[in-house]
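Colleague: Input structure: target-v9.cif, which contains mmCIF, C-alpha atoms.
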data_work
loop_
_atom_site.label_atom_id
_atom_site.label_comp_id
_atom_site.auth_asym_id
_atom_site.auth_seq_id
_atom_site.Cartn_x
_atom_site.Cartn_y
_atom_site.Cartn_z
CA MET A 21 113.61 157.30 94.62
CA SER A 22 117.34 157.32 94.56
CA PRO A 23 119.25 155.58 97.36
CA LYS A 24 121.66 158.52 97.17
CA SER A 25 119.22 160.53 99.27
CA ALA A 26 121.13 159.60 102.44
CA ALA A 27 123.39 161.58 104.72
CA GLN A 28 125.21 161.22 108.01
CA VAL A 29 123.39 162.99 110.84
CA GLN A 30 123.87 163.86 114.47
CA ALA A 31 120.75 164.46 116.53
CA THR A 32 120.00 165.41 120.10
CA TYR A 33 116.78 164.49 121.81
CA LYS A 34 114.95 165.20 125.02
CA THR A 35 112.07 163.15 126.42
CA LYS A 36 110.38 162.71 129.78
CA LEU A 37 112.84 159.89 130.46
CA GLY A 38 115.97 161.91 129.69
CA SER A 39 118.03 163.34 126.89
CA GLY A 40 120.92 162.28 124.72
CA ALA A 41 122.66 162.46 121.38
CA GLN A 42 122.87 159.97 118.56
CA LYS A 43 124.93 159.71 115.38
CA GLY A 44 123.80 157.73 112.38
CA TRP A 45 122.35 157.90 108.90
CA ALA A 46 119.17 159.46 107.60
CA TYR A 47 117.58 159.00 104.23
CA LEU A 48 114.63 160.47 102.37
CA ASP A 49 112.29 157.98 100.80
CA HIS A 50 109.30 160.09 99.83
CA ALA A 51 109.33 162.83 97.25
CA ARG A 52 106.76 165.15 95.78
CA SER A 53 105.65 164.59 92.22
CA ASN A 54 102.77 165.49 89.95
CA THR A 55 102.81 161.98 88.44
CA LEU A 56 99.91 159.81 89.55
CA LEU A 57 100.99 156.76 91.56
CA PRO A 58 99.25 154.19 89.31
CA GLN A 59 101.51 155.44 86.47
CA ILE A 60 104.67 154.76 88.51
CA ALA A 61 104.04 151.33 90.03
CA SER A 62 101.38 148.76 90.75
CA LYS A 63 103.11 147.84 94.01
CA TRP A 64 106.01 148.97 96.22
CA TYR A 65 107.91 147.06 98.88
CA ARG A 66 110.21 148.84 101.34
CA PHE A 67 112.10 147.15 104.14
CA ARG A 68 113.84 149.38 106.64
CA GLY A 69 116.04 147.17 108.80
CA PHE A 70 117.57 149.33 111.49
CA TYR A 71 117.65 146.91 114.44
CA GLY A 72 120.58 144.53 114.56
CA ASP A 73 124.27 144.43 113.76
CA GLU A 74 123.70 145.14 110.06
CA GLN A 75 121.42 147.94 108.88
CA ILE A 76 119.78 147.38 105.52
CA LEU A 77 117.31 149.10 103.21
CA ILE A 78 115.48 147.26 100.44
CA GLN A 79 113.14 148.80 97.90
CA VAL A 80 111.36 146.94 95.11
CA ARG A 81 108.89 148.38 92.62
CA ASN A 82 106.49 146.43 90.42
CA PRO A 83 105.98 148.56 87.26
CA PRO A 84 102.33 149.30 86.37
CA ASN A 85 102.47 147.55 82.99
CA GLY A 86 103.24 144.10 84.41
CA ALA A 87 106.93 144.35 83.60
CA ALA A 88 109.47 142.63 85.83
CA PRO A 89 110.13 144.10 89.32
CA GLN A 90 113.02 146.52 89.82
CA GLY A 91 114.81 147.44 93.02
CA TRP A 92 117.91 147.96 95.10
CA VAL A 93 119.48 146.97 98.40
CA LEU A 94 121.60 149.31 100.51
CA ARG A 95 123.78 147.53 103.05
CA GLY A 96 127.27 148.01 104.37
CA GLY A 97 127.49 151.33 102.55
CA ALA A 98 127.07 149.64 99.15
CA ILE A 99 124.09 149.86 96.80
CA GLU A 100 123.25 146.73 94.85
CA SER A 101 120.63 146.41 92.11
CA VAL A 102 118.03 143.69 92.37
CA GLN A 103 117.39 141.81 89.16
CA SER A 104 113.76 141.10 88.35
CA SER A 105 114.20 137.32 88.29
CA ASN A 106 115.48 137.51 91.86
CA VAL A 107 112.32 138.92 93.48
CA VAL A 108 109.44 137.05 95.13
CA SER A 109 106.84 139.09 96.97
CA GLY A 110 103.37 139.22 98.46
CA ASN A 111 101.34 138.98 101.65
CA GLY A 112 103.91 140.48 103.97
CA GLU A 113 106.88 138.64 102.47
CA LEU A 114 109.70 139.75 100.20
CA LYS A 115 112.65 137.75 98.91
CA VAL A 116 115.51 139.21 96.92
CA THR A 117 118.68 137.47 95.80
CA ILE A 118 121.95 139.40 95.78
CA ASP A 119 125.15 137.69 94.62
CA GLY A 120 123.60 134.27 95.21
CA THR A 121 122.46 135.11 98.77
CA GLU A 122 118.72 134.98 99.42
CA LEU A 123 117.47 137.74 101.70
CA TRP A 124 114.02 136.88 103.09
CA VAL A 125 111.90 139.54 104.73
CA ARG A 126 108.87 138.19 106.56
CA GLY A 127 106.20 140.31 108.18
CA THR A 128 105.45 139.09 111.69
CA ASP A 129 102.70 141.48 112.83
CA LEU A 130 100.52 143.80 110.78
CA ILE A 131 100.81 147.09 112.67
CA TYR A 132 99.06 149.55 110.37
CA ARG A 133 96.73 149.60 107.38
CA TYR A 134 96.29 152.92 105.56
CA GLU A 135 93.67 153.52 102.88
CA PRO A 136 93.83 157.23 101.93
CA ALA A 137 90.75 157.15 99.68
CA LYS A 138 88.78 155.85 102.66
CA ALA A 139 90.50 158.09 105.23
CA TYR A 140 89.55 161.27 103.34
CA GLY A 141 85.88 160.33 103.02
CA ALA A 142 84.02 162.18 100.25
CA ILE A 143 87.19 163.91 98.99
CA GLY A 144 88.91 160.52 98.77
CA ALA A 145 85.96 159.11 96.83
CA LEU A 146 86.22 162.00 94.36
CA ALA A 147 89.95 161.34 93.89
CA GLN A 148 89.57 157.60 93.20
CA PRO A 149 89.38 157.94 89.38
CA TRP A 150 92.92 159.39 89.47
CA ILE A 151 94.55 157.66 92.42
CA GLY A 152 92.64 154.38 92.51
CA LYS A 153 92.16 152.73 95.90
CA PRO A 154 95.69 152.54 97.29
CA VAL A 155 96.35 150.50 100.42
CA THR A 156 99.57 150.50 102.43
CA LEU A 157 100.20 147.66 104.86
CA THR A 158 102.96 148.13 107.43
CA TRP A 159 104.40 145.05 109.14
CA ARG A 160 106.91 144.43 111.88
CA ALA A 161 109.34 142.27 110.00
CA GLU A 162 112.56 140.33 110.18
CA LEU A 163 115.15 139.77 107.49
CA SER A 164 117.02 136.47 107.41
CA GLY A 165 119.81 135.34 105.13
CA ALA A 166 122.15 138.19 106.07
CA GLU A 167 125.02 137.77 108.54
CA ALA A 168 122.54 137.98 111.42
CA PRO A 169 118.77 138.49 111.53
CA VAL A 170 117.75 142.13 111.13
CA ARG A 171 114.50 143.44 112.58
CA GLY A 172 112.67 146.30 110.96
CA ILE A 173 109.52 147.41 109.18
CA LEU A 174 108.15 146.18 105.85
CA GLU A 175 105.80 148.39 103.86
CA GLU A 176 103.69 146.88 101.11
CA ALA A 177 101.89 149.57 99.09
CA SER A 178 99.50 148.85 96.25
#
Can the structure in the file be given as structure tokens, please?
Modeller:
Amino acid sequence: MSPKSAAQVQATYKTKLGSGAQKGWAYLDHARSNTLLPQIASKWYRFRGFYGDEQILIQVRNPPNGAAPQGWVLRGGAIESVQSSNVVSGNGELKVTIDGTELWVRGTDLIYRYEPAKAYGAIGALAQPWIGKPVTLTWRAELSGAEAPVRGILEEAS
């Protein structure tokens, strides 16, 4: 996924409580591919921090062969690469270091657990030899170490 998949947007909305318009940024973080997920990564971490003074996106991928993690951080309109030695992750936590600043993302509440092989029943069981048994955990999370704490969502997919 390329962090260049972002664009400025303007949207209007209408709900039971009223209507309005909003300007901001949108980005695409899922693409279609015929490559099997276990061949791309053994684990993914995505933090989408949209609540607070600073918006931030973090994505880290653990390659399937045990190689060092790779990733990027998008904040303040700038994209910064994450070096493998600067990543600590697991159990609803992610730490990346950018220019000497540690950015800690900590999951506070597990809000969703998705197991597609289980969700699709017999079809999912038939697909397991190719897709494995992926699990995506979605957490409410907070990033600290930036100018001000940023609330958002942390996805941990394996």
Colleague: Between atom CA of Gly110 of chain A and atom CA of Val80 of chain A, measure the distance and give it in Å to one decimal.
Modeller: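 So the two atoms, atom CA of Gly110 of chain A and atom CA of Val80 of chain A, lie 11.6 Å apart.
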Colleague: Mind pulling up the distance from atom CA of Ala31 of chain A to atom CA of Arg95 of chain A?
Modeller: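 Atom CA of Ala31 of chain A lies at a distance of 21.9 Å from atom CA of Arg95 of chain A.
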Colleague: Which residue out of A:Trp64, A:Trp150, A:Leu174, A:Gly165 has the minimum interatomic distance to Gly120 of chain A when only C-alpha atoms are used?
Modeller: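 Of the candidates, the smallest distance to Gly120 of chain A is held by A:Gly165.
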Colleague: For the file shown, report as a PyMOL selection string the outcome of the PyMOL selection byres ((chain A and resi 107) around 12) at residue level.
Modeller: chain A and resi 65+78-82+88-93+101-106+108-110+113-118+122-125
Colleague: Evaluate the PyMOL selection byres ((chain A and resi 71) around 8) and record the selected residues as a list of chain:residue names, following the chain and residue labels used in the document.
Modeller: A:Gly69, A:Phe70, A:Gly72, A:Asp73, A:Glu74, A:Gln75, A:Val170, A:Arg171, A:Gly172
Colleague: Report as a short mmCIF file (atom, residue, chain, number, x, y, z; two decimals) with C-alpha atoms, in the frame of the given file the residues that result from applying the PyMOL selection byres ((chain A and resi 130) around 8) to the structure here.
Modeller:
data_model
loop_
_atom_site.label_atom_id
_atom_site.label_comp_id
_atom_site.auth_asym_id
_atom_site.auth_seq_id
_atom_site.Cartn_x
_atom_site.Cartn_y
_atom_site.Cartn_z
CA GLY A 127 106.20 140.31 108.18
CA THR A 128 105.45 139.09 111.69
CA ASP A 129 102.70 141.48 112.83
CA ILE A 131 100.81 147.09 112.67
CA TYR A 132 99.06 149.55 110.37
CA ARG A 133 96.73 149.60 107.38
CA LEU A 157 100.20 147.66 104.86
CA THR A 158 102.96 148.13 107.43
CA TRP A 159 104.40 145.05 109.14
CA ARG A 160 106.91 144.43 111.88
#
Colleague: Between atom CA of Lys138 of chain A and atom CA of Arg66 of chain A, measure the distance and give it in Å to one decimal.
Modeller: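 Going from atom CA of Lys138 of chain A over to atom CA of Arg66 of chain A, I get 22.6 Å.
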Colleague: I'd like to know which of A:Gln42, A:Ser62, A:Gln28, A:Asn85 is closest to Thr156 of chain A, using only C-alpha atoms.
Modeller: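 Closest to Thr156 of chain A, using only C-alpha atoms: A:Ser62.
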